[in-house]
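> Sharing data23.tsv below, TSV, C-alpha atoms:
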```tsv
chain	number	residue	atom	x	y	z
A	1	MET	CA	0.00	0.00	0.00
A	2	LYS	CA	2.79	2.40	0.91
A	3	VAL	CA	4.77	1.65	-2.26
A	4	LEU	CA	1.64	1.77	-4.41
A	5	GLY	CA	0.62	5.04	-2.85
A	6	PHE	CA	4.06	6.52	-3.38
A	7	LEU	CA	4.05	5.45	-7.03
A	8	ALA	CA	0.63	6.99	-7.60
A	9	VAL	CA	1.71	10.21	-5.91
A	10	ALA	CA	4.99	10.33	-7.85
A	11	PHE	CA	3.11	9.82	-11.12
A	12	THR	CA	0.58	12.55	-10.32
A	13	GLY	CA	3.40	14.85	-9.28
A	14	PHE	CA	5.21	14.16	-12.53
A	15	LEU	CA	2.10	15.02	-14.53
A	16	LEU	CA	1.69	18.26	-12.59
A	17	VAL	CA	5.34	19.18	-13.12
A	18	VAL	CA	4.96	18.61	-16.85
A	19	ALA	CA	1.77	20.68	-16.85
A	20	ALA	CA	3.45	23.48	-14.89
A	21	GLU	CA	5.61	24.29	-17.90
A	22	ASP	CA	2.55	25.74	-19.61
A	23	PHE	CA	1.63	27.93	-16.66
A	24	PRO	CA	2.53	31.62	-16.73
A	25	ALA	CA	5.68	32.69	-14.95
A	26	TRP	CA	5.61	34.07	-11.43
A	27	GLY	CA	4.23	37.59	-11.25
A	28	ASP	CA	3.36	37.79	-14.93
A	29	ALA	CA	0.87	40.64	-15.36
A	30	ALA	CA	-0.23	39.26	-18.74
A	31	SER	CA	-1.18	35.82	-17.44
A	32	PRO	CA	-4.63	34.53	-18.41
A	33	ALA	CA	-5.88	34.81	-14.83
A	34	SER	CA	-5.12	38.52	-14.77
A	35	THR	CA	-6.36	39.56	-18.20
A	36	HIS	CA	-10.02	38.72	-18.61
A	37	LEU	CA	-12.20	39.64	-15.66
A	38	SER	CA	-9.68	41.03	-13.22
A	39	PRO	CA	-8.99	44.35	-15.07
A	40	HIS	CA	-12.69	45.09	-14.92
A	41	PHE	CA	-12.72	44.57	-11.16
A	42	ILE	CA	-9.65	46.74	-10.71
A	43	THR	CA	-10.76	49.64	-12.88
A	44	ASP	CA	-14.51	49.69	-12.34
A	45	ALA	CA	-15.17	48.31	-8.87
A	46	VAL	CA	-14.86	51.64	-7.09
A	47	GLU	CA	-17.06	53.45	-9.62
A	48	GLU	CA	-19.71	50.78	-9.50
A	49	THR	CA	-19.79	50.06	-5.79
A	50	ALA	CA	-17.97	52.88	-3.96
A	51	VAL	CA	-15.83	50.31	-2.17
A	52	PRO	CA	-12.06	50.85	-2.47
A	53	ASN	CA	-11.27	47.34	-1.25
A	54	MET	CA	-11.74	45.34	-4.44
A	55	VAL	CA	-11.65	42.05	-2.57
A	56	THR	CA	-14.68	43.04	-0.52
A	57	ALA	CA	-16.42	44.43	-3.59
A	58	VAL	CA	-15.93	41.21	-5.54
A	59	LEU	CA	-16.73	39.03	-2.53
A	60	ALA	CA	-19.95	40.69	-1.48
A	61	ASP	CA	-21.26	42.20	-4.67
A	62	TYR	CA	-20.04	40.66	-7.92
A	63	ARG	CA	-19.84	37.21	-6.36
A	64	GLY	CA	-22.59	37.64	-3.80
A	65	PHE	CA	-24.23	34.31	-4.59
A	66	ASP	CA	-20.96	32.43	-4.14
A	67	THR	CA	-20.36	34.05	-0.77
A	68	MET	CA	-23.92	33.37	0.37
A	69	PHE	CA	-23.56	29.69	-0.33
A	70	GLU	CA	-20.11	29.59	1.24
A	71	THR	CA	-21.77	30.94	4.36
A	72	ALA	CA	-24.42	28.27	3.97
A	73	VAL	CA	-21.63	25.65	3.77
A	74	ILE	CA	-20.17	26.91	7.04
A	75	PHE	CA	-23.63	26.92	8.61
A	76	THR	CA	-24.24	23.36	7.44
A	77	ALA	CA	-20.86	22.30	8.81
A	78	GLY	CA	-21.75	23.68	12.22
A	79	MET	CA	-25.11	21.92	12.22
A	80	ALA	CA	-23.40	18.70	11.12
A	81	VAL	CA	-20.95	18.91	14.02
A	82	ILE	CA	-23.87	19.32	16.42
A	83	LEU	CA	-25.70	16.37	14.86
A	84	ILE	CA	-22.63	14.13	14.98
A	85	LEU	CA	-21.33	14.95	18.44
A	86	ARG	CA	-23.89	16.63	20.65
A	87	ARG	CA	-25.33	14.48	23.38
A	88	THR	CA	-27.68	15.89	25.93
A	89	ARG	CA	-28.20	12.76	27.99
A	90	ARG	CA	-25.41	11.38	30.06
A	91	GLY	CA	-24.86	8.31	27.91
A	92	ARG	CA	-22.17	5.71	28.35
A	93	ASP	CA	-18.98	6.54	26.55
A	94	LYS	CA	-17.29	3.28	25.70
A	95	HIS	CA	-13.89	4.73	24.94
A	96	ALA	CA	-13.98	8.04	26.71
A	97	PRO	CA	-10.77	9.22	28.30
A	98	GLU	CA	-11.23	9.42	32.06
A	99	ASP	CA	-12.71	12.66	33.24
A	100	ARG	CA	-10.14	15.14	34.30
A	101	THR	CA	-10.20	16.33	37.86
A	102	ASP	CA	-10.17	19.91	38.93
A	103	GLU	CA	-6.50	20.15	39.77
A	104	LEU	CA	-5.62	19.37	36.16
A	105	VAL	CA	-7.55	22.37	34.94
A	106	HIS	CA	-5.17	25.20	35.34
A	107	LYS	CA	-5.93	28.23	37.27
A	108	ASP	CA	-3.02	30.36	36.34
A	109	LEU	CA	-3.48	33.89	37.57
A	110	ILE	CA	-1.33	35.48	34.88
A	111	THR	CA	-3.03	33.92	31.85
A	112	ARG	CA	-6.47	34.50	33.31
A	113	THR	CA	-5.85	38.15	34.04
A	114	ILE	CA	-4.24	38.78	30.67
A	115	VAL	CA	-7.05	37.06	28.82
A	116	ARG	CA	-9.65	38.94	30.80
A	117	LEU	CA	-7.97	42.18	29.81
A	118	LEU	CA	-7.36	41.13	26.22
A	119	VAL	CA	-10.70	39.67	25.18
A	120	PRO	CA	-12.61	42.98	24.96
A	121	PHE	CA	-9.90	44.45	22.77
A	122	ILE	CA	-9.85	41.41	20.51
A	123	GLN	CA	-13.59	41.75	20.09
A	124	LEU	CA	-13.32	45.47	19.47
A	125	PHE	CA	-10.68	44.86	16.83
A	126	ALA	CA	-12.83	42.13	15.28
A	127	ILE	CA	-15.76	44.54	15.00
A	128	TYR	CA	-13.44	47.12	13.45
A	129	VAL	CA	-12.28	44.53	10.92
A	130	VAL	CA	-15.89	43.80	9.98
A	131	MET	CA	-17.00	47.43	9.80
A	132	HIS	CA	-13.92	48.74	8.05
A	133	GLY	CA	-13.68	45.85	5.61
A	134	HIS	CA	-14.58	48.14	2.75
A	135	HIS	CA	-11.57	50.40	3.13
A	136	SER	CA	-8.88	48.17	4.60
A	137	PRO	CA	-8.10	44.45	4.60
A	138	GLY	CA	-10.90	42.71	6.39
A	139	GLY	CA	-14.51	41.72	6.13
A	140	GLY	CA	-17.13	39.43	7.54
A	141	PHE	CA	-15.20	36.18	7.43
A	142	GLN	CA	-12.05	37.56	9.05
A	143	GLY	CA	-13.87	39.54	11.70
A	144	GLY	CA	-16.22	36.66	12.44
A	145	VAL	CA	-13.35	34.24	12.95
A	146	MET	CA	-11.68	36.77	15.28
A	147	LEU	CA	-14.85	37.16	17.32
A	148	GLY	CA	-15.18	33.40	17.55
A	149	ALA	CA	-11.52	33.11	18.53
A	150	SER	CA	-12.04	35.52	21.42
A	151	PHE	CA	-14.66	33.20	22.89
A	152	ILE	CA	-12.48	30.18	22.21
A	153	LEU	CA	-9.61	31.91	24.02
A	154	LEU	CA	-11.93	32.41	26.97
A	155	ALA	CA	-12.89	28.73	26.87
A	156	ILE	CA	-9.25	27.63	26.81
A	157	THR	CA	-8.02	29.83	29.65
A	158	PHE	CA	-11.02	29.46	31.92
A	159	ASP	CA	-13.21	26.56	30.98
A	160	LEU	CA	-15.90	25.91	28.44
A	161	ARG	CA	-18.70	26.65	30.88
A	162	THR	CA	-17.39	30.16	31.50
A	163	ALA	CA	-17.34	30.89	27.80
A	164	LEU	CA	-20.75	29.36	27.25
A	165	LYS	CA	-22.17	31.52	30.01
A	166	ARG	CA	-21.37	34.48	27.76
A	167	ILE	CA	-22.65	32.89	24.61
A	168	GLY	CA	-24.81	29.86	25.28
A	169	GLU	CA	-25.66	26.96	23.03
A	170	ARG	CA	-29.13	28.11	22.08
A	171	LYS	CA	-27.92	31.64	21.54
A	172	ASN	CA	-25.16	30.34	19.28
A	173	ILE	CA	-27.51	28.36	17.10
A	174	LEU	CA	-29.86	31.33	16.98
A	175	LEU	CA	-26.99	33.64	15.96
A	176	ALA	CA	-25.84	31.27	13.24
A	177	ASN	CA	-29.35	31.23	11.83
A	178	ALA	CA	-29.69	34.98	12.21
A	179	GLY	CA	-26.44	35.62	10.34
A	180	LEU	CA	-27.47	33.57	7.36
A	181	PHE	CA	-30.94	35.09	7.53
A	182	ILE	CA	-29.52	38.63	7.41
A	183	TYR	CA	-27.57	37.72	4.27
A	184	ALA	CA	-30.43	36.01	2.49
A	185	GLY	CA	-32.85	38.60	3.84
A	186	ILE	CA	-30.97	41.51	2.31
A	187	GLY	CA	-30.88	39.57	-0.95
A	188	ALA	CA	-34.61	38.95	-0.77
A	189	LEU	CA	-35.25	42.57	0.17
A	190	CYS	CA	-33.65	43.65	-3.10
A	191	LEU	CA	-35.98	41.22	-4.84
A	192	VAL	CA	-39.01	42.66	-3.07
A	193	LEU	CA	-37.94	46.21	-3.93
A	194	GLY	CA	-38.06	45.33	-7.59
A	195	LEU	CA	-34.55	44.37	-8.67
A	196	ASN	CA	-32.62	41.12	-8.83
A	197	PHE	CA	-31.63	39.05	-5.81
A	198	LEU	CA	-28.65	40.75	-4.09
A	199	ASP	CA	-28.75	43.75	-6.43
A	200	TYR	CA	-28.08	46.35	-3.76
A	201	SER	CA	-29.12	49.28	-5.98
A	202	ALA	CA	-32.67	48.48	-4.92
A	203	LEU	CA	-31.87	49.56	-1.36
A	204	ILE	CA	-31.96	53.28	-2.21
A	205	SER	CA	-35.70	53.35	-1.69
A	206	ILE	CA	-35.33	52.40	1.98
A	207	LEU	CA	-31.96	53.93	2.84
A	208	PRO	CA	-32.15	57.69	3.31
A	209	ALA	CA	-29.58	60.07	1.84
A	210	THR	CA	-27.86	57.68	-0.50
A	211	ASP	CA	-27.57	57.01	-4.19
A	212	ARG	CA	-27.41	53.91	-6.33
A	213	ILE	CA	-23.65	53.47	-5.95
A	214	MET	CA	-23.52	54.09	-2.20
A	215	ALA	CA	-26.40	51.62	-1.74
A	216	HIS	CA	-24.01	48.90	-2.92
A	217	SER	CA	-21.58	49.83	-0.19
A	218	HIS	CA	-24.28	49.80	2.49
A	219	GLY	CA	-25.73	46.52	1.26
A	220	MET	CA	-22.28	44.95	1.42
A	221	LEU	CA	-21.84	46.17	4.98
A	222	GLY	CA	-25.14	44.51	5.87
A	223	ILE	CA	-24.23	41.15	4.49
A	224	GLU	CA	-20.72	41.34	5.96
A	225	ILE	CA	-22.33	41.74	9.37
A	226	GLY	CA	-24.50	38.72	8.65
A	227	VAL	CA	-21.49	36.68	7.59
A	228	ALA	CA	-19.55	37.75	10.70
A	229	ILE	CA	-22.36	36.72	13.05
A	230	ALA	CA	-22.81	33.35	11.36
A	231	VAL	CA	-19.08	32.58	11.21
A	232	MET	CA	-18.55	33.57	14.84
A	233	ALA	CA	-21.40	31.37	16.07
A	234	ILE	CA	-20.31	28.40	13.98
A	235	MET	CA	-16.68	28.65	15.14
A	236	VAL	CA	-17.81	28.62	18.77
A	237	ILE	CA	-20.20	25.73	18.09
A	238	ILE	CA	-17.50	23.64	16.42
A	239	PHE	CA	-14.99	24.32	19.18
A	240	ALA	CA	-17.42	23.69	22.01
A	241	ASN	CA	-18.55	20.38	20.55
A	242	LEU	CA	-15.07	19.15	19.72
A	243	ALA	CA	-13.52	20.25	23.01
A	244	SER	CA	-16.17	18.64	25.22
A	245	ARG	CA	-16.98	15.67	22.98
A	246	GLY	CA	-20.50	17.02	22.59
A	247	ARG	CA	-21.19	17.23	26.30
A	248	TYR	CA	-20.73	20.94	26.93
A	249	ASP	CA	-19.00	20.23	30.23
A	250	LYS	CA	-15.70	21.70	31.38
A	251	GLY	CA	-14.06	21.18	28.02
A	252	LEU	CA	-10.34	21.09	27.53
B	1	MET	CA	17.57	26.81	-14.76
B	2	ASP	CA	15.74	29.98	-15.68
B	3	MET	CA	12.56	28.05	-15.99
B	4	ILE	CA	13.00	26.43	-12.58
B	5	LEU	CA	13.47	29.79	-10.92
B	6	ALA	CA	10.71	31.52	-12.87
B	7	LYS	CA	8.09	29.06	-11.75
B	8	TYR	CA	9.16	28.17	-8.22
B	9	ASN	CA	5.66	28.88	-6.89
B	10	TYR	CA	4.38	25.92	-8.89
B	11	TRP	CA	7.10	23.61	-7.58
B	12	ILE	CA	6.25	24.50	-4.00
B	13	TYR	CA	2.56	23.94	-4.53
B	14	ILE	CA	3.13	20.63	-6.31
B	15	LEU	CA	5.42	19.46	-3.51
B	16	LEU	CA	2.94	20.42	-0.79
B	17	MET	CA	0.03	18.93	-2.70
B	18	MET	CA	1.83	15.63	-3.20
B	19	ILE	CA	2.79	15.47	0.48
B	20	GLY	CA	-0.88	15.92	1.33
B	21	LEU	CA	-2.01	13.38	-1.25
B	22	TYR	CA	0.52	10.84	-0.03
B	23	ALA	CA	-0.63	11.29	3.56
B	24	MET	CA	-4.24	10.81	2.50
B	25	ILE	CA	-3.48	7.66	0.50
B	26	SER	CA	-0.97	5.75	2.59
B	27	LYS	CA	-1.36	6.79	6.22
B	28	ARG	CA	-3.54	4.46	8.25
B	29	ASN	CA	-4.28	6.87	11.06
B	30	LEU	CA	-7.38	8.95	10.39
B	31	VAL	CA	-6.02	12.08	12.05
B	32	LYS	CA	-2.93	11.88	9.85
B	33	LYS	CA	-5.21	11.61	6.84
B	34	ILE	CA	-6.99	14.78	7.94
B	35	ILE	CA	-3.65	16.55	8.37
B	36	GLY	CA	-2.80	15.42	4.84
B	37	MET	CA	-6.09	16.84	3.60
B	38	ASN	CA	-5.30	20.18	5.20
B	39	ILE	CA	-1.83	20.28	3.65
B	40	PHE	CA	-3.50	19.59	0.31
B	41	GLN	CA	-5.89	22.49	0.84
B	42	THR	CA	-3.02	24.77	1.78
B	43	ALA	CA	-1.30	23.84	-1.48
B	44	ILE	CA	-4.40	24.83	-3.44
B	45	ILE	CA	-4.62	28.15	-1.60
B	46	LEU	CA	-0.95	28.84	-2.32
B	47	PHE	CA	-1.51	27.98	-5.98
B	48	TYR	CA	-4.44	30.33	-6.39
B	49	VAL	CA	-2.86	33.25	-4.56
B	50	SER	CA	0.39	32.86	-6.48
B	51	ILE	CA	-1.52	32.94	-9.78
B	52	GLY	CA	-2.97	36.33	-8.85
B	53	ALA	CA	0.42	37.87	-8.11
B	54	LYS	CA	1.90	40.56	-10.32
B	55	ARG	CA	5.37	42.01	-10.19
B	56	ASN	CA	5.60	45.51	-8.71
B	57	ALA	CA	1.92	45.50	-7.85
B	58	THR	CA	0.31	46.28	-4.54
B	59	ILE	CA	-2.67	44.87	-2.64
B	60	PRO	CA	-6.03	45.26	-4.38
B	61	ILE	CA	-7.19	48.19	-2.27
B	62	LEU	CA	-7.34	51.62	-3.85
B	63	GLU	CA	-5.18	54.24	-2.24
B	64	HIS	CA	-7.10	57.33	-1.18
B	65	GLY	CA	-10.25	55.67	-2.42
B	66	HIS	CA	-13.09	57.18	-0.43
B	67	GLY	CA	-15.80	56.31	-2.83
B	68	HIS	CA	-17.03	58.18	-5.83
B	69	GLY	CA	-17.87	61.78	-6.51
B	70	ASP	CA	-15.05	63.52	-4.74
B	71	ASP	CA	-12.46	62.30	-7.18
B	72	ALA	CA	-13.83	62.93	-10.61
B	73	ALA	CA	-10.37	63.90	-11.75
B	74	ARG	CA	-8.93	60.49	-10.98
B	75	THR	CA	-7.02	59.21	-13.95
B	76	ALA	CA	-7.67	55.80	-15.36
B	77	LEU	CA	-6.54	53.16	-12.90
B	78	ASP	CA	-3.42	51.31	-13.78
B	79	VAL	CA	-4.39	47.67	-13.95
B	80	ALA	CA	-0.80	46.52	-13.56
B	81	ALA	CA	-0.44	48.36	-10.25
B	82	TYR	CA	-2.85	46.13	-8.34
B	83	VAL	CA	-2.75	42.37	-7.96
B	84	ASN	CA	-5.63	40.30	-9.24
B	85	PRO	CA	-8.36	40.39	-6.54
B	86	LEU	CA	-10.28	37.36	-7.77
B	87	PRO	CA	-8.02	34.57	-6.40
B	88	HIS	CA	-7.93	36.36	-3.06
B	89	VAL	CA	-11.72	36.40	-2.90
B	90	LEU	CA	-11.96	32.73	-3.77
B	91	MET	CA	-9.32	31.72	-1.22
B	92	LEU	CA	-10.69	33.95	1.52
B	93	THR	CA	-13.90	31.96	1.59
B	94	ALA	CA	-12.04	28.70	0.96
B	95	ILE	CA	-9.94	29.18	4.11
B	96	VAL	CA	-12.96	29.63	6.35
B	97	VAL	CA	-14.79	26.76	4.65
B	98	SER	CA	-11.72	24.56	5.11
B	99	VAL	CA	-11.80	25.32	8.84
B	100	ALA	CA	-15.46	24.37	8.95
B	101	THR	CA	-14.92	21.13	7.03
B	102	LEU	CA	-11.95	20.36	9.28
B	103	GLY	CA	-14.35	20.70	12.20
B	104	VAL	CA	-16.75	18.23	10.61
B	105	ALA	CA	-13.92	15.79	9.84
B	106	LEU	CA	-12.66	15.94	13.42
B	107	ALA	CA	-16.20	15.45	14.71
B	108	ILE	CA	-16.57	12.32	12.61
B	109	VAL	CA	-13.19	11.08	13.84
B	110	LEU	CA	-14.23	11.69	17.45
B	111	ARG	CA	-17.40	9.74	16.85
B	112	ILE	CA	-15.44	6.88	15.27
B	113	TYR	CA	-13.13	6.81	18.27
B	114	ARG	CA	-16.12	6.74	20.59
B	115	GLN	CA	-17.46	3.73	18.71
B	116	TYR	CA	-14.35	1.66	18.02
B	117	GLY	CA	-11.75	2.90	20.47
B	118	THR	CA	-9.12	3.33	17.78
B	119	LEU	CA	-8.24	5.62	14.91
B	120	GLU	CA	-6.22	3.10	12.90
B	121	GLU	CA	-8.02	2.29	9.71
B	122	ASP	CA	-7.11	-1.41	9.59
B	123	GLU	CA	-8.19	-1.99	13.19
B	124	ILE	CA	-11.53	-0.32	12.51
B	125	LEU	CA	-12.03	-2.47	9.42
B	126	GLU	CA	-11.23	-5.58	11.48
B	127	GLN	CA	-13.88	-4.64	14.02
B	128	ILE	CA	-16.46	-3.95	11.34
B	129	GLN	CA	-16.04	-7.41	9.78
```
Would you encode the structure as structure tokens?

Amino acid sequence: MKVLGFLAVAFTGFLLVVAAEDFPAWGDAASPASTHLSPHFITDAVEETAVPNMVTAVLADYRGFDTMFETAVIFTAGMAVILILRRTRRGRDKHAPEDRTDELVHKDLITRTIVRLLVPFIQLFAIYVVMHGHHSPGGGFQGGVMLGASFILLAITFDLRTALKRIGERKNILLANAGLFIYAGIGALCLVLGLNFLDYSALISILPATDRIMAHSHGMLGIEIGVAIAVMAIMVIIFANLASRGRYDKGL
Amino acid sequence: MDMILAKYNYWIYILLMMIGLYAMISKRNLVKKIIGMNIFQTAIILFYVSIGAKRNATIPILEHGHGHGDDAARTALDVAAYVNPLPHVLMLTAIVVSVATLGVALAIVLRIYRQYGTLEEDEILEQIQ
């Protein structure tokens, strides 16, 4: 099996190396990937959407459907983790490692104090990354993961119960749903207002003091917030289930 | 030699991808397979991002871009000055999705361990038969 596997891998690698000769050289501005659609994004994105960060503009506007279903994939993954691992009853665990006693859980004063001081700033920065994702590197996915990481940090330094007191299981599932709902809801709102799904120009009729171009920027902000909420909740759900083997006890 | 240096990004991605593929094919331990899968995903991400790179170009965020209107005099944007944003968009979502799928994979592995008490593929197969 090992030899066979190595041969298969070596053969595939050889094919890829041969194919790599036809690829454009490193940093070639005239490569096929950079010549068809990408110049349009670079030159027109800011005129069409008023968002200087082209990555956000492409992510949330030009490829809004893709991003919505990526969020749906993350949501489904979180629900799958709950379905696979979560157990509410105290069932028998045939191969469970023995439960750790309290003295194994560390109660280090330094880490706890530092984390207590740090978590609000991490969350503040995460919110900044979400809100300022139009003008600087950032956006819903990055900010959402940071928000989730702040709760995971809390769960690692204290224990899972402490973190779940802040953001409980039901609240998490609700937030994950709400995040996806905000995204799809803004899309549907555009539909109701008379334009295509996720065509943010439609939002001018409900947003005061804006024009067609700025409406794109505001619509993107809305869905980025939805993405951030969903991603944060799903990250916490995945961690909590994996760390406590679906029991939501002390955790790691 | 020129060709080897000009395309080193492809060699790195092929090497990483093959390491991941080998781990997925020949390792018996399920966690090692998952690690292989993640190395594979990293190789893909590296491949995409390296395709979007341009020499002497900066990140795809407009400098002094505060929206429209106030800058009617802006000259036509130089396409060569900004890297291709599309691969970055694709990989940005792919990274988060890969974390989510990693979570699902680990959950399945945990469940398998709960059931069979081992993560070695051959031992699990023995128990199933």
> If you take all atoms listed in the file and a cut-off of 6 Å, which residues of chain A touch chain B, and what are their nearest atom pairs and distances in Å to one decimal, in chain and number order, as CSV?

```
residue,atom,partner,partner_atom,distance
A:Lys2,CA,B:Ser26,CA,5.3
A:Gly5,CA,B:Ser26,CA,5.7
A:Ala25,CA,B:Lys7,CA,5.4
A:Trp26,CA,B:Lys7,CA,5.6
A:Gly27,CA,B:Lys54,CA,3.9
A:Asp28,CA,B:Lys54,CA,5.6
A:Ala29,CA,B:Lys54,CA,5.1
A:Ser34,CA,B:Asn84,CA,5.8
A:Ser38,CA,B:Asn84,CA,5.7
A:Pro39,CA,B:Val79,CA,5.8
A:Thr43,CA,B:Leu77,CA,5.5
A:Ala50,CA,B:Gly67,CA,4.2
A:Pro52,CA,B:Leu62,CA,5.0
A:Asn53,CA,B:Ile61,CA,4.3
A:Met54,CA,B:Pro60,CA,5.7
A:Val55,CA,B:Pro85,CA,5.4
A:Leu59,CA,B:Val89,CA,5.7
A:Ile74,CA,B:Ala100,CA,5.7
A:Ala77,CA,B:Ala100,CA,5.8
A:Val81,CA,B:Val104,CA,5.5
A:His95,CA,B:Gly117,CA,5.3
```
> Mind pulling up the distance from CA of Lys250 (chain A) to CA of Asp159 (chain A)?
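Computed distance, CA of Asp159 (chain A) to CA of Lys250 (chain A), equals 5.5 Å.
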> As JSON, what would the box around region 19-29 of chain B look like: edges along x, y and z, 6 Å added on every side, centre and edge lengths in Å to one decimal?

```
{"center_x": -0.7, "center_y": 10.2, "center_z": 4.9, "size_x": 19.1, "size_y": 23.5, "size_z": 24.3}
```
> For CA of His135 (chain A) and CA of Arg63 (chain A), quote the distance in Å rounded to one decimal.
18.2 Å
> Using CA of Gly246 (chain A) and CA of Arg87 (chain A) as the two end points, give the distance in Å to one decimal.
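These two atoms are separated by 5.5 Å.
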> Rank nothing, just name the residue among B:Met91, B:Leu16, B:Ile124, B:Leu119 nearest to Lys32 (chain B), using all atoms listed in the file.
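The shortest atom-to-atom distance to Lys32 (chain B) comes from B:Leu119.
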> With distances taken over all atoms listed in the file, which of A:Gly138, A:Phe14, A:Asp61, A:Ile182 is nearest to Ser201 (chain A)?
A:Asp61
> I'd like the neighbourhood of region 121-131 of chain A as an MDAnalysis selection string, where a residue qualifies if any of its atoms comes within 12 Å (using all atoms listed in the file), though same-chain residues fewer than 6 positions away should be ignored.
chainID A and resid 56 114:115 137:154 217:218 220:229 231:232
> Using all atoms listed in the file, which of the listed residues (B:Val49, B:Ile12, B:Ile112, B:Ile44) sits closest to Asn29 (chain B)?
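For Asn29 (chain B), the nearest of the given residues is B:Ile112.
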> Nearest to Thr58 (chain B) among A:Gly168, A:Leu16, A:Ser31, A:Ile42, with distances taken over only C-alpha atoms: which residue is it?
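Of the candidates, the smallest distance to Thr58 (chain B) is held by A:Ile42.
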> Could you check the closest approach to Val51 (chain A) for each of A:Ile204, A:Ile186, A:Ala155, A:Ala215 and tell me which residue wins, using all atoms listed in the file?
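Of A:Ile204, A:Ile186, A:Ala155, A:Ala215, the one nearest Val51 (chain A), counting all atoms listed in the file, is A:Ala215.
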